[in-house]
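Colleague: Pasting coords34.pdb below, which is PDB, C-alpha atoms.
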```
ATOM      1  CA  MET A 784       3.035  -2.331  18.022
ATOM      2  CA  SER A 785       2.164   0.960  16.383
ATOM      3  CA  GLU A 786       2.384   4.239  18.207
ATOM      4  CA  THR A 787       0.795   7.647  17.709
ATOM      5  CA  LYS A 788       3.152  10.566  17.309
ATOM      6  CA  VAL A 789       2.057  14.196  17.519
ATOM      7  CA  VAL A 790       3.173  16.588  14.794
ATOM      8  CA  ASP A 791       2.644  20.063  16.234
ATOM      9  CA  ALA A 792       2.426  22.460  13.288
ATOM     10  CA  ARG A 793       0.204  25.034  14.976
ATOM     11  CA  ASN A 794       0.777  28.643  13.959
ATOM     12  CA  THR A 795       2.492  27.674  10.694
ATOM     13  CA  PHE A 796       0.981  28.368   7.311
ATOM     14  CA  CYS A 797       0.587  26.463   4.057
ATOM     15  CA  PRO A 798       2.506  24.454   3.068
ATOM     16  CA  GLY A 799       4.161  24.233   6.506
ATOM     17  CA  PRO A 800       1.799  21.769   8.230
ATOM     18  CA  LEU A 801       1.830  19.364   5.284
ATOM     19  CA  MET A 802       5.621  19.573   4.996
ATOM     20  CA  GLU A 803       5.958  18.815   8.727
ATOM     21  CA  LEU A 804       3.659  15.796   8.350
ATOM     22  CA  ILE A 805       5.608  14.503   5.345
ATOM     23  CA  SER A 806       8.886  14.857   7.245
ATOM     24  CA  PHE A 807       7.559  12.855  10.199
ATOM     25  CA  MET A 808       5.906  10.299   7.897
ATOM     26  CA  LYS A 809       9.265   9.533   6.244
ATOM     27  CA  ARG A 810      10.706   8.572   9.651
ATOM     28  CA  ALA A 811       7.634   6.679  10.891
ATOM     29  CA  GLU A 812       7.251   2.913  10.770
ATOM     30  CA  VAL A 813       4.488   1.202   8.795
ATOM     31  CA  GLY A 814       1.462   1.026  11.098
ATOM     32  CA  ASP A 815       2.351   4.181  13.045
ATOM     33  CA  GLN A 816      -0.257   6.887  13.416
ATOM     34  CA  LEU A 817       0.599  10.566  13.309
ATOM     35  CA  GLU A 818      -1.685  13.254  14.662
ATOM     36  CA  LEU A 819      -1.170  16.590  12.946
ATOM     37  CA  LEU A 820      -2.122  19.673  14.960
ATOM     38  CA  SER A 821      -2.694  22.620  12.645
ATOM     39  CA  THR A 822      -4.278  26.057  12.856
ATOM     40  CA  ASP A 823      -4.048  26.500   9.069
ATOM     41  CA  GLU A 824      -7.491  26.058   7.451
ATOM     42  CA  GLY A 825      -5.889  24.682   4.283
ATOM     43  CA  SER A 826      -4.726  21.588   6.146
ATOM     44  CA  ALA A 827      -8.287  20.238   6.191
ATOM     45  CA  ASN A 828      -8.095  19.893   2.382
ATOM     46  CA  ASP A 829      -4.364  19.577   1.691
ATOM     47  CA  VAL A 830      -3.642  16.680   4.046
ATOM     48  CA  PRO A 831      -6.478  14.344   2.888
ATOM     49  CA  GLN A 832      -5.550  15.041  -0.756
ATOM     50  CA  TRP A 833      -1.916  14.158  -0.095
ATOM     51  CA  ILE A 834      -2.892  11.033   1.866
ATOM     52  CA  ALA A 835      -5.070   9.807  -1.016
ATOM     53  CA  LYS A 836      -2.289  10.525  -3.514
ATOM     54  CA  VAL A 837       0.415   8.602  -1.659
ATOM     55  CA  GLY A 838      -1.754   5.774  -0.309
ATOM     56  CA  HIS A 839      -1.861   6.229   3.455
ATOM     57  CA  GLU A 840      -5.037   6.110   5.589
ATOM     58  CA  LEU A 841      -6.955   9.061   7.010
ATOM     59  CA  VAL A 842      -8.006   7.890  10.470
ATOM     60  CA  SER A 843      -9.784  11.050  11.623
ATOM     61  CA  SER A 844     -10.081  14.749  10.958
ATOM     62  CA  GLU A 845     -11.790  17.145  13.312
ATOM     63  CA  LYS A 846     -11.567  20.761  14.326
ATOM     64  CA  VAL A 847     -11.511  21.440  18.053
ATOM     65  CA  GLU A 848     -11.787  25.153  18.736
ATOM     66  CA  ASP A 849      -9.253  26.644  16.282
ATOM     67  CA  ILE A 850      -7.059  23.557  15.913
ATOM     68  CA  TRP A 851      -7.359  20.810  13.318
ATOM     69  CA  HIS A 852      -6.558  17.332  14.649
ATOM     70  CA  ILE A 853      -5.818  15.147  11.629
ATOM     71  CA  THR A 854      -4.712  11.576  12.288
ATOM     72  CA  VAL A 855      -2.966   9.605   9.557
ATOM     73  CA  LYS A 856      -1.862   5.963   9.545
ATOM     74  CA  LYS A 857       1.243   5.016   7.594
ATOM     75  CA  ILE A 858       0.278   2.130   5.315
ATOM     76  CA  LYS A 859       3.436   1.606   3.266
TER      77      LYS A 859
END
```
Before we go any further, please render this structure as structure tokens.

Modeller:
Amino acid sequence: MSETKVVDARNTFCPGPLMELISFMKRAEVGDQLELLSTDEGSANDVPQWIAKVGHELVSSEKVEDIWHITVKKIK
């Protein structure tokens, strides 16, 4: 059964949030979902581009107040 893990990268700046996500993704199991919390505006573009490049799935991306909540599913 997959689980959702939270990657709290708030108050870090590019490329910090993406690097945190990549680090967690390497340790995640196929099928796991990771929710990235980021206050860096660049994450809204950087993360989906990286996901498309490496072949994972963007589950959701929304900004709530000043925090991006970007959920990614590990596909491979």

Colleague: Which residue gives the smallest distance to A:Lys788 among A:Ala827, A:Val842, A:Ala835, A:Val855, with all atoms listed in the file counted?

Modeller: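 Smallest distance to A:Lys788 is found for A:Val855.
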
Colleague: On this file, the PyMOL selection byres ((chain A and resi 794) around 8) gives some set of residues; write that set as a VMD selection string.

Modeller: chain A and resid 792 to 793 795 to 796 821 to 823

Colleague: On this file, the PyMOL selection byres ((chain A and resi 801) around 9) gives some set of residues; write that set as number ranges by chain.

Modeller: A: 792, 797-800, 802-806, 819, 826, 829-830, 833

Colleague: Pick out the closest residue to A:Leu841 from this set: A:Leu820, A:Ile853, A:Ala811, A:Val790. Count all atoms listed in the file.

Modeller: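 Result for the nearest residue to A:Leu841: A:Ile853.
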
Colleague: Kindly give the distance, in Å, that separates atom CA of A:Ile858 and atom CA of A:Val813, rounded to a single decimal.

Modeller: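 Atom CA of A:Ile858 sits 5.5 Å away from atom CA of A:Val813.
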
Colleague: Quick one: pull the distance between atom CA of A:Lys856 and atom CA of A:Glu840, Å, one decimal.

Modeller: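 Atom-to-atom, atom CA of A:Lys856 and atom CA of A:Glu840 are spaced 5.1 Å apart.
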
Colleague: Identify which of the residues A:Glu824, A:Asp815, A:Gln832, A:Gly838 lies closest to A:Thr854, counting all atoms listed in the file when measuring atom-to-atom distances.

Modeller: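 Answer, going by the shortest atom-to-atom distance: A:Asp815.
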
Colleague: Which is closer to A:Phe807 than all the others in A:Lys846, A:His852, A:Lys857, A:Lys836, using all atoms listed in the file?

Modeller: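 Ranking A:Lys846, A:His852, A:Lys857, A:Lys836 by distance to A:Phe807, first place goes to A:Lys857.
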
Colleague: How many Å separate atom CA of A:Val789 from atom CA of A:Ser843?

Modeller: 13.6 Å
